[in-house]
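Shown next: work-v1.cif, given as mmCIF, C-alpha atoms and all ligand atoms.
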data_final
loop_
_atom_site.label_atom_id
_atom_site.label_comp_id
_atom_site.auth_asym_id
_atom_site.auth_seq_id
_atom_site.Cartn_x
_atom_site.Cartn_y
_atom_site.Cartn_z
CA MET A 1 1.53 -5.15 9.35
CA ASN A 2 1.14 -1.53 10.41
CA ARG A 3 -1.88 0.17 11.88
CA SER A 4 -2.21 2.36 8.82
CA ILE A 5 -4.54 2.94 5.87
CA MET A 6 -3.25 3.36 2.32
CA VAL A 7 -5.52 5.35 0.05
CA VAL A 8 -4.91 5.62 -3.70
CA GLY A 9 -6.90 8.32 -5.50
CA ALA A 10 -6.83 9.42 -9.13
CA HIS A 11 -7.12 13.16 -8.56
CA ALA A 12 -6.60 15.74 -5.84
CA ASP A 13 -9.93 15.70 -3.88
CA ASP A 14 -10.97 12.08 -4.66
CA ILE A 15 -9.42 10.72 -1.46
CA GLU A 16 -11.22 13.23 0.78
CA LEU A 17 -14.53 12.93 -1.08
CA GLU A 18 -14.68 9.16 -0.79
CA THR A 19 -12.73 8.39 2.39
CA GLY A 20 -12.28 11.71 4.26
CA GLY A 21 -14.57 10.64 7.11
CA THR A 22 -12.90 7.24 7.42
CA LEU A 23 -9.42 8.76 7.49
CA ALA A 24 -10.35 11.43 10.05
CA LYS A 25 -12.04 8.84 12.26
CA TYR A 26 -9.12 6.44 12.24
CA ARG A 27 -6.53 9.20 12.63
CA ASP A 28 -8.23 9.75 15.99
CA ALA A 29 -7.69 6.04 16.66
CA ASP A 30 -3.92 6.49 16.10
CA TYR A 31 -3.79 5.19 12.56
CA THR A 32 -1.35 6.67 10.07
CA VAL A 33 -2.39 7.51 6.53
CA VAL A 34 -0.39 6.62 3.41
CA TYR A 35 -1.74 9.13 0.91
CA VAL A 36 -1.06 8.15 -2.73
CA MET A 37 -2.00 10.37 -5.66
CA ALA A 38 -2.03 8.47 -8.97
CA THR A 39 -2.13 11.24 -11.60
CA ASN A 40 -0.17 14.44 -12.07
CA ASN A 41 -3.34 16.58 -11.80
CA MET A 42 -2.42 18.65 -14.85
CA SER A 43 -5.99 18.86 -16.16
CA GLY A 44 -9.17 20.36 -14.79
CA SER A 45 -10.25 23.90 -14.13
CA VAL A 46 -10.08 26.42 -11.30
CA SER A 47 -13.36 27.32 -9.59
CA GLU A 48 -13.69 30.25 -7.24
CA LEU A 49 -16.64 31.25 -5.02
CA LEU A 50 -17.58 34.90 -5.57
CA GLY A 51 -19.14 37.31 -3.07
CA ASP A 52 -22.59 36.94 -4.65
CA GLY A 53 -22.54 33.16 -4.16
CA SER A 54 -21.86 32.30 -7.78
CA VAL A 55 -18.85 30.29 -8.93
CA ARG A 56 -16.40 31.57 -11.53
CA THR A 57 -14.49 28.87 -13.41
CA THR A 58 -11.28 29.56 -15.32
CA ARG A 59 -8.54 27.40 -16.80
CA GLU A 60 -4.83 27.13 -16.29
CA THR A 61 -2.11 25.54 -18.36
CA THR A 62 -0.41 22.40 -17.11
CA ALA A 63 2.45 23.72 -14.96
CA PRO A 64 0.41 26.12 -12.77
CA MET A 65 -2.47 23.61 -12.62
CA MET A 66 -0.22 20.83 -11.34
CA ALA A 67 1.41 23.17 -8.82
CA ARG A 68 -1.93 24.45 -7.54
CA ARG A 69 -3.52 21.05 -7.10
CA LYS A 70 -0.40 19.62 -5.47
CA ARG A 71 -0.40 22.49 -2.99
CA GLU A 72 -4.01 21.68 -2.13
CA CYS A 73 -3.11 17.99 -1.85
CA ASP A 74 -0.28 18.87 0.53
CA ASP A 75 -2.70 20.86 2.70
CA ALA A 76 -5.23 18.03 2.90
CA ALA A 77 -2.56 15.40 3.55
CA ARG A 78 -1.01 17.59 6.26
CA ALA A 79 -4.41 17.80 7.97
CA LEU A 80 -4.29 13.99 8.04
CA GLY A 81 -0.79 14.01 9.51
CA THR A 82 0.98 12.85 6.36
CA THR A 83 2.52 13.96 3.06
CA PRO A 84 1.31 12.84 -0.37
CA ILE A 85 3.17 10.33 -2.51
CA HIS A 86 2.69 11.42 -6.13
CA LEU A 87 2.89 8.66 -8.76
CA ASP A 88 2.54 11.43 -11.39
CA HIS A 89 0.92 9.42 -14.17
CA PRO A 90 -0.13 12.06 -16.72
CA GLN A 91 -3.84 12.64 -17.11
CA ARG A 92 -5.33 11.91 -20.53
CA HIS A 93 -5.74 15.53 -21.53
CA TYR A 94 -4.77 19.02 -20.53
CA TYR A 95 -5.48 22.65 -21.29
CA GLY A 96 -2.76 24.10 -23.47
CA GLY A 97 -3.73 27.78 -23.43
CA VAL A 98 -6.11 30.05 -25.33
CA GLY A 99 -7.34 28.43 -28.53
CA ASN A 100 -6.04 25.05 -27.42
CA GLU A 101 -8.93 23.34 -25.66
CA ALA A 102 -7.93 20.32 -23.62
CA PRO A 103 -6.15 18.23 -26.26
CA GLU A 104 -5.88 14.53 -25.51
CA LEU A 105 -2.52 12.88 -25.07
CA ARG A 106 -2.30 10.63 -28.14
CA TYR A 107 0.37 8.64 -29.93
CA GLY A 108 2.86 11.14 -31.30
CA CYS A 109 1.37 14.06 -29.40
CA ALA A 110 3.91 16.45 -27.93
CA LEU A 111 3.96 16.27 -24.13
CA PRO A 112 3.17 19.45 -22.26
CA ALA A 113 5.76 21.22 -20.13
CA GLY A 114 6.73 19.46 -16.92
CA VAL A 115 5.59 15.97 -18.00
CA PRO A 116 8.36 13.34 -18.23
CA GLU A 117 8.44 11.00 -21.26
CA ASN A 118 8.97 7.75 -19.41
CA VAL A 119 5.81 7.69 -17.28
CA PRO A 120 2.72 6.15 -18.97
CA THR A 121 -0.58 8.00 -18.72
CA ILE A 122 -2.94 6.76 -16.04
CA LEU A 123 -5.05 5.09 -18.75
CA THR A 124 -2.35 2.52 -19.53
CA ALA A 125 -0.47 2.46 -16.22
CA ALA A 126 -1.97 -0.93 -15.24
CA GLU A 127 -0.42 -2.43 -18.39
CA ASP A 128 3.04 -1.12 -17.58
CA PRO A 129 4.93 -3.66 -15.42
CA ALA A 130 7.25 -1.00 -13.94
CA SER A 131 4.29 1.11 -12.80
CA VAL A 132 2.54 -1.90 -11.26
CA THR A 133 5.71 -3.01 -9.49
CA ARG A 134 6.39 0.49 -8.15
CA LEU A 135 2.99 0.61 -6.43
CA ALA A 136 3.24 -3.05 -5.31
CA ASN A 137 6.58 -2.27 -3.67
CA LEU A 138 5.03 0.72 -1.93
CA ILE A 139 2.30 -1.53 -0.49
CA LEU A 140 4.95 -4.02 0.66
CA GLU A 141 7.10 -1.27 2.16
CA LYS A 142 4.26 0.45 4.06
CA GLU A 143 2.36 -2.76 4.97
CA PRO A 144 -0.96 -1.01 5.69
CA GLU A 145 -3.86 -2.80 7.36
CA CYS A 146 -6.08 -1.85 4.40
CA VAL A 147 -5.65 -0.41 0.92
CA LEU A 148 -8.59 1.71 -0.25
CA THR A 149 -9.07 2.85 -3.84
CA HIS A 150 -11.64 3.61 -6.52
CA GLY A 151 -14.08 0.92 -7.64
CA VAL A 152 -14.26 -0.34 -11.20
CA SER A 153 -17.96 0.47 -11.40
CA GLN A 154 -18.12 4.20 -12.06
CA MET A 155 -18.19 6.80 -14.80
CA ASN A 156 -14.74 8.42 -14.67
CA ILE A 157 -12.22 6.62 -16.87
CA GLU A 158 -9.22 7.86 -14.85
CA HIS A 159 -10.85 6.59 -11.64
CA PHE A 160 -11.35 3.24 -13.39
CA ALA A 161 -7.72 3.20 -14.56
CA THR A 162 -6.51 3.99 -11.03
CA SER A 163 -8.62 1.11 -9.70
CA LEU A 164 -7.03 -1.26 -12.23
CA LEU A 165 -3.50 -0.10 -11.40
CA THR A 166 -4.01 -0.37 -7.64
CA THR A 167 -5.79 -3.71 -7.82
CA LYS A 168 -3.12 -5.25 -10.03
CA SER A 169 -0.38 -3.89 -7.75
CA TYR A 170 -2.23 -5.22 -4.71
CA TRP A 171 -2.30 -8.79 -6.07
CA GLN A 172 1.38 -8.56 -6.92
CA ALA A 173 2.04 -7.50 -3.33
CA VAL A 174 -0.11 -10.40 -2.04
CA GLU A 175 1.95 -12.83 -4.10
CA ALA A 176 5.01 -11.40 -2.35
CA GLY A 177 3.50 -11.95 1.10
CA TYR A 178 1.35 -8.90 1.86
CA ARG A 179 -1.61 -9.84 4.11
CA GLY A 180 -3.71 -6.67 4.32
CA ALA A 181 -7.13 -6.04 2.77
CA LEU A 182 -8.15 -4.29 -0.43
CA LEU A 183 -11.46 -2.47 -0.64
CA HIS A 184 -12.92 -0.45 -3.49
CA TRP A 185 -14.85 2.60 -2.41
CA ARG A 186 -18.38 3.02 -3.70
CA GLU A 187 -18.37 6.03 -6.03
CA THR A 188 -20.96 8.45 -4.81
CA HIS A 189 -23.21 8.63 -7.85
CA THR A 190 -25.57 5.86 -8.89
CA ARG A 191 -25.88 6.57 -12.60
CA LEU A 192 -24.75 3.13 -13.70
CA GLY A 193 -28.00 1.72 -12.41
CA GLU A 194 -29.33 -0.39 -9.61
CA PHE A 195 -26.82 -3.24 -9.73
CA ASN A 196 -24.03 -0.69 -9.29
CA CYS A 197 -25.67 0.85 -6.21
CA ARG A 198 -24.54 -2.18 -4.20
CA TRP A 199 -21.97 -2.11 -1.44
CA ASP A 200 -20.62 -4.68 0.99
CA THR A 201 -19.61 -2.66 4.00
CA PHE A 202 -19.29 0.86 5.36
CA VAL A 203 -17.57 3.08 7.87
CA ASP A 204 -19.89 5.08 10.13
CA CYS A 205 -18.70 8.68 9.74
CA THR A 206 -21.58 10.38 11.54
CA ARG A 207 -19.33 12.19 14.03
CA TYR A 208 -16.75 12.98 11.36
CA LEU A 209 -18.89 14.58 8.68
CA ASP A 210 -17.78 18.13 9.55
CA ARG A 211 -14.13 17.07 9.57
CA LYS A 212 -14.60 15.34 6.24
CA MET A 213 -16.07 18.46 4.65
CA GLU A 214 -13.20 20.54 6.10
CA LEU A 215 -10.76 18.19 4.36
CA VAL A 216 -12.72 18.40 1.09
CA SER A 217 -12.74 22.21 1.39
CA LEU A 218 -8.94 22.27 1.30
CA HIS A 219 -9.23 21.43 -2.41
CA ARG A 220 -10.31 25.00 -3.00
CA CYS A 221 -10.02 25.09 -6.81
CA GLN A 222 -12.27 22.03 -7.21
CA MET A 223 -14.62 22.32 -4.23
CA PRO A 224 -15.20 26.03 -3.50
CA LYS A 225 -18.60 25.35 -1.88
CA ALA A 226 -17.76 22.26 0.16
CA HIS A 227 -17.78 24.23 3.42
CA LEU A 228 -21.44 25.25 2.94
CA PRO A 229 -24.12 23.37 4.88
CA ASP A 230 -26.01 22.53 1.66
CA SER A 231 -22.95 21.13 -0.11
CA GLY A 232 -23.99 18.32 -2.44
CA HIS A 233 -21.17 16.09 -1.24
CA ARG A 234 -22.26 16.56 2.36
CA GLU A 235 -25.76 15.45 1.37
CA ILE A 236 -24.38 12.41 -0.42
CA SER A 237 -22.58 11.29 2.74
CA VAL A 238 -25.82 11.74 4.69
CA ASN A 239 -27.77 9.79 2.05
CA TRP A 240 -25.36 6.87 2.29
CA GLY A 241 -25.66 7.12 6.06
CA GLN A 242 -29.43 6.70 5.77
CA ALA A 243 -28.89 3.65 3.59
CA CYS A 244 -26.49 2.20 6.19
CA GLY A 245 -28.53 3.07 9.29
CA CYS A 246 -26.38 5.92 10.61
CA GLY A 247 -25.96 9.67 10.15
CA ALA A 248 -23.23 9.62 7.51
CA ALA A 249 -21.31 6.79 5.89
CA GLU A 250 -18.64 5.89 3.37
CA THR A 251 -19.31 2.64 1.56
CA PHE A 252 -17.00 -0.01 0.15
CA THR A 253 -16.87 -3.37 -1.59
CA TRP A 254 -14.40 -6.04 -0.52
CA VAL A 255 -11.81 -7.24 -2.99
CA ARG A 256 -10.12 -9.35 -0.32
CA HIS A 257 -10.30 -9.52 3.44
CA ALA A 258 -7.17 -9.11 5.53
CA ASP A 259 -5.39 -12.33 6.34
CA TYR A 260 -4.17 -11.56 9.85
CA ARG A 261 -5.03 -11.27 13.52
CA ASP A 262 -3.34 -9.09 16.11
CA VAL A 263 -0.22 -10.30 17.89
CA ASN A 264 -2.21 -12.47 20.27
CA GLY A 265 -4.14 -14.05 17.44
CA LEU A 266 -7.41 -13.05 19.10
CA THR A 267 -8.90 -10.09 17.33
CA TYR A 268 -8.72 -7.75 14.39
CA TRP A 269 -7.63 -4.15 14.63
CA PRO A 270 -10.34 -1.45 14.86
CA LEU A 271 -10.75 -0.55 11.17
CA THR A 272 -10.92 -4.16 10.02
CA LEU A 273 -13.26 -4.92 12.91
CA GLU A 274 -15.65 -2.14 11.93
CA LEU A 275 -15.56 -3.17 8.28
CA ILE A 276 -16.29 -6.80 9.19
CA GLN A 277 -19.05 -5.88 11.64
CA ASN A 278 -20.68 -3.63 9.02
CA THR A 279 -20.44 -6.17 6.21
CA ARG A 280 -23.89 -7.13 4.99
ZN ZN B 301 -11.42 12.31 -9.61
#
As structure tokens - that is how I would like this structure written.
Ligand SMILES: [Zn+2]
Amino acid sequence: MNRSIMVVGAHADDIELETGGTLAKYRDADYTVVYVMATNNMSGSVSELLGDGSVRTTRETTAPMMARRKRECDDAARALGTTPIHLDHPQRHYYGGVGNEAPELRYGCALPAGVPENVPTILTAAEDPASVTRLANLILEKEPECVLTHGVSQMNIEHFATSLLTTKSYWQAVEAGYRGALLHWRETHTRLGEFNCRWDTFVDCTRYLDRKMELVSLHRCQMPKAHLPDSGHREISVNWGQACGCGAAETFTWVRHADYRDVNGLTYWPLTLELIQNTR
């Protein structure tokens, strides 16, 4: 078992939005980060902050979109001392150019440029044994203390699909002897109602909120206002902090606790210890 955290996010920016404070905090505690990006990031739009404070949003076709978002991913991962591992599952739709508004990938649909034929879209990746095994083998190879990924209770279908893929891969790794924990992060919104506002545990990110927002800001085309003091995502972290009794927090639900102690058999490592101490 390594003193490292594996994070699996659907899209460039998800990892920083949901775990940026946790990763920055534990980087300072000498953890390494295994940064896994599930989709190819070919969809989405490009937002740009203008001099008058407004945001201009434009669209790009698949190849430049993928390149742009991967560059931003590289920047954020570098700030966490690592490089991204791209699983490159195609997103469910893409922008094909003027007059071709975000067609869905369907049976028989031509694939856009730069997308290989033999990789299932993220929506069905959890049903593809090769995709599940690839991620399970990555967990076994890296042996992180914890795997963090999206929860199943949220509104974005590609986040949901990434949660299914990671969770299925995790259990396959456990069957092969992996002993680390799996936690689902609490998606920031609460639109699915009160039951889905619940969380089991949290990481206190009070002293790391600025660093978190710096990491989020590196995803310039998605988060052009993240550096501003009134950023909505900054407020969300503060709101969760109030719910958890600290200044800023990132919240999680346990799928399975780690099955290990340190070499002396006496204590858990710092991340696991914080997560256990903060479990309600
Ligand atoms: Zn996302």
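Minimum atom-to-atom distances from A:Val55, A:Leu148, A:Cys205, A:Ala258 to Ser237 of chain A were compared using all atoms listed in the file, and the lowest value belongs to A:Cys205.
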Set out as a tab-separated table a contact list for chain A and ligand ZN 301 (chain B) with a cut-off of 9 Å, giving each residue of chain A that qualifies its closest atom pair and distance in Å to one decimal, counting all atoms listed in the file, ordered by chain and rising residue number.
residue	atom	partner	partner_atom	distance
A:Gly9	CA	B:ZN301	ZN	7.3
A:Ala10	CA	B:ZN301	ZN	5.4
A:His11	CA	B:ZN301	ZN	4.5
A:Ala12	CA	B:ZN301	ZN	7.0
A:Asp13	CA	B:ZN301	ZN	6.8
A:Asp14	CA	B:ZN301	ZN	5.0
A:Ile15	CA	B:ZN301	ZN	8.5
A:Asn156	CA	B:ZN301	ZN	7.2
A:Glu158	CA	B:ZN301	ZN	7.2
A:His159	CA	B:ZN301	ZN	6.1
In Å, rounded to a single decimal, give me how far atom CA of Lys25 of chain A is from atom CA of Ser153 of chain A.
25.8 Å
Which residues are close to Trp199 of chain A, i.e. within 7 Å by all atoms listed in the file, leaving aside same-chain residues fewer than 4 positions away? Reply as number ranges by chain.
A: 186, 251-253
Using all atoms of segment 234-242 of chain A listed in the file and a margin of 3 Å per side, can you give the axis-aligned box centre and edge lengths in Å to one decimal, as JSON?
{"center_x": -25.8, "center_y": 11.6, "center_z": 2.8, "size_x": 13.2, "size_y": 15.9, "size_z": 12.5}
May I have the residues within 12 Å of Asn137 of chain A as a list in words, using all atoms listed in the file and disregarding those fewer than 2 positions away in the same chain?
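Here the qualifying residues turn out to be Pro129, Ala130, Ser131, Val132, Thr133, Arg134, Leu135, Ile139, Leu140, Glu141, Lys142, Glu143, Thr166, Lys168, Ser169, Tyr170, Trp171, Gln172, Ala173, Val174, Glu175, Ala176, Gly177 and Tyr178 of chain A.
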Written selection (C-alpha atoms) as a CSV table (one decimal), in the coordinates of the input:
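selection.csv was written with the following content:
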chain,number,residue,atom,x,y,z
A,129,PRO,CA,4.9,-3.7,-15.4
A,130,ALA,CA,7.2,-1.0,-13.9
A,131,SER,CA,4.3,1.1,-12.8
A,132,VAL,CA,2.5,-1.9,-11.3
A,133,THR,CA,5.7,-3.0,-9.5
A,134,ARG,CA,6.4,0.5,-8.2
A,135,LEU,CA,3.0,0.6,-6.4
A,139,ILE,CA,2.3,-1.5,-0.5
A,140,LEU,CA,5.0,-4.0,0.7
A,141,GLU,CA,7.1,-1.3,2.2
A,142,LYS,CA,4.3,0.4,4.1
A,143,GLU,CA,2.4,-2.8,5.0
A,166,THR,CA,-4.0,-0.4,-7.6
A,168,LYS,CA,-3.1,-5.2,-10.0
A,169,SER,CA,-0.4,-3.9,-7.8
A,170,TYR,CA,-2.2,-5.2,-4.7
A,171,TRP,CA,-2.3,-8.8,-6.1
A,172,GLN,CA,1.4,-8.6,-6.9
A,173,ALA,CA,2.0,-7.5,-3.3
A,174,VAL,CA,-0.1,-10.4,-2.0
A,175,GLU,CA,2.0,-12.8,-4.1
A,176,ALA,CA,5.0,-11.4,-2.4
A,177,GLY,CA,3.5,-12.0,1.1
A,178,TYR,CA,1.4,-8.9,1.9
Which is closest to Ile157 of chain A among A:Gln91, A:Val34, A:Gly232, A:His184, if we use only C-alpha atoms?
A:Gln91
Ala181 of chain A environment, 9 Å, only C-alpha atoms, sequence neighbours closer than 6 positions dropped, as a list of chain:residue names
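So the residues in contact are A:Pro144, A:Glu145, A:Cys146, A:Val147, A:Leu148, A:Tyr170, A:Trp254, A:Val255, A:Arg256, A:His257, A:Ala258, A:Asp259, A:Thr272.
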Each residue of segment 202-230 of chain A with at least one atom at most 10 Å from segment 41-49 of chain A should appear once, together with its nearest atom pair and the corresponding distance in Å (one decimal); atoms considered: all atoms listed in the file; ordering: chain, then increasing residue number; output as a Markdown table.
| residue | atom | partner | partner_atom | distance |
| --- | --- | --- | --- | --- |
| A:Arg220 | CA | A:Glu48 | CA | 7.5 |
| A:Cys221 | CA | A:Val46 | CA | 4.7 |
| A:Gln222 | CA | A:Ser47 | CA | 5.9 |
| A:Met223 | CA | A:Ser47 | CA | 7.4 |
| A:Pro224 | CA | A:Leu49 | CA | 5.6 |
| A:Lys225 | CA | A:Leu49 | CA | 7.0 |
Please save C-alpha atoms of the selected residues as an mmCIF file, in the coordinates of the input.
data_model
loop_
_atom_site.group_PDB
_atom_site.id
_atom_site.type_symbol
_atom_site.label_atom_id
_atom_site.label_comp_id
_atom_site.auth_asym_id
_atom_site.auth_seq_id
_atom_site.Cartn_x
_atom_site.Cartn_y
_atom_site.Cartn_z
ATOM 1 C CA ARG A 220 -10.310 25.000 -3.000
ATOM 2 C CA CYS A 221 -10.020 25.090 -6.810
ATOM 3 C CA GLN A 222 -12.270 22.030 -7.210
ATOM 4 C CA MET A 223 -14.620 22.320 -4.230
ATOM 5 C CA PRO A 224 -15.200 26.030 -3.500
ATOM 6 C CA LYS A 225 -18.600 25.350 -1.880
#
When you look at Met213 of chain A with a cut-off of 8 Å (counting all atoms listed in the file), what residues show up, excluding the ones that are within fewer than 4 positions of it in the same chain? I need them as a list in words.
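Neighbouring residues, sequence-local ones excluded: Gly20, Leu209, Ser217, Ala226, His227 and Arg234 of chain A.
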Test item: residues at most 10 Å from Thr124 of chain A, only C-alpha atoms, excluding those fewer than 6 positions along its chain, as a short mmCIF file (atom, residue, chain, number, x, y, z; two decimals) with C-alpha atoms, in the frame of the given file:
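Result written to around-v9.cif:
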data_model
loop_
_atom_site.label_atom_id
_atom_site.label_comp_id
_atom_site.auth_asym_id
_atom_site.auth_seq_id
_atom_site.Cartn_x
_atom_site.Cartn_y
_atom_site.Cartn_z
CA HIS A 89 0.92 9.42 -14.17
CA ARG A 92 -5.33 11.91 -20.53
CA SER A 131 4.29 1.11 -12.80
CA GLU A 158 -9.22 7.86 -14.85
CA ALA A 161 -7.72 3.20 -14.56
CA THR A 162 -6.51 3.99 -11.03
CA LEU A 164 -7.03 -1.26 -12.23
CA LEU A 165 -3.50 -0.10 -11.40
#
If you measure from atom CA of Thr121 of chain A to atom CA of Arg59 of chain A, what distance in Å do you get, rounded to one decimal?
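Atom-to-atom, atom CA of Thr121 of chain A to atom CA of Arg59 of chain A, that is 21.1 Å.
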What does the distance between atom CA of Ala77 of chain A and atom CA of Gly53 of chain A come to in Å, to one decimal place?
27.8 Å
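Restricting the calculation to all atoms listed in the file, the smallest distance between Gly241 of chain A and any of A:Tyr31, A:Phe202, A:Tyr94, A:Tyr260 is found for A:Phe202.
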Pick out the closest residue to Thr167 of chain A from this set: A:Cys197, A:Asn40, A:Ala136, A:Gln154. Count all atoms listed in the file.
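Nearest to Thr167 of chain A: A:Ala136.
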Best match for closeness to Tyr95 of chain A among A:Asp74, A:Glu60, A:Glu214, A:Glu250, counting all atoms listed in the file
A:Glu60
Residue list as a compact mmCIF listing (two decimals) with C-alpha atoms, keeping the file's coordinate frame for point (-12.2, 16.2, 1.7), cut-off 6 Å, all atoms listed in the file:
# COMPACT_ATOMS: atom_id res chain seq x y z
CA GLU A 16 -11.22 13.23 0.78
CA LEU A 17 -14.53 12.93 -1.08
CA GLY A 20 -12.28 11.71 4.26
CA LYS A 212 -14.60 15.34 6.24
CA MET A 213 -16.07 18.46 4.65
CA LEU A 215 -10.76 18.19 4.36
CA VAL A 216 -12.72 18.40 1.09
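Among the candidates A:Arg179, A:Ala249, A:Tyr26, A:Glu117, the one nearest to Met1 of chain A when counting all atoms listed in the file is A:Arg179.
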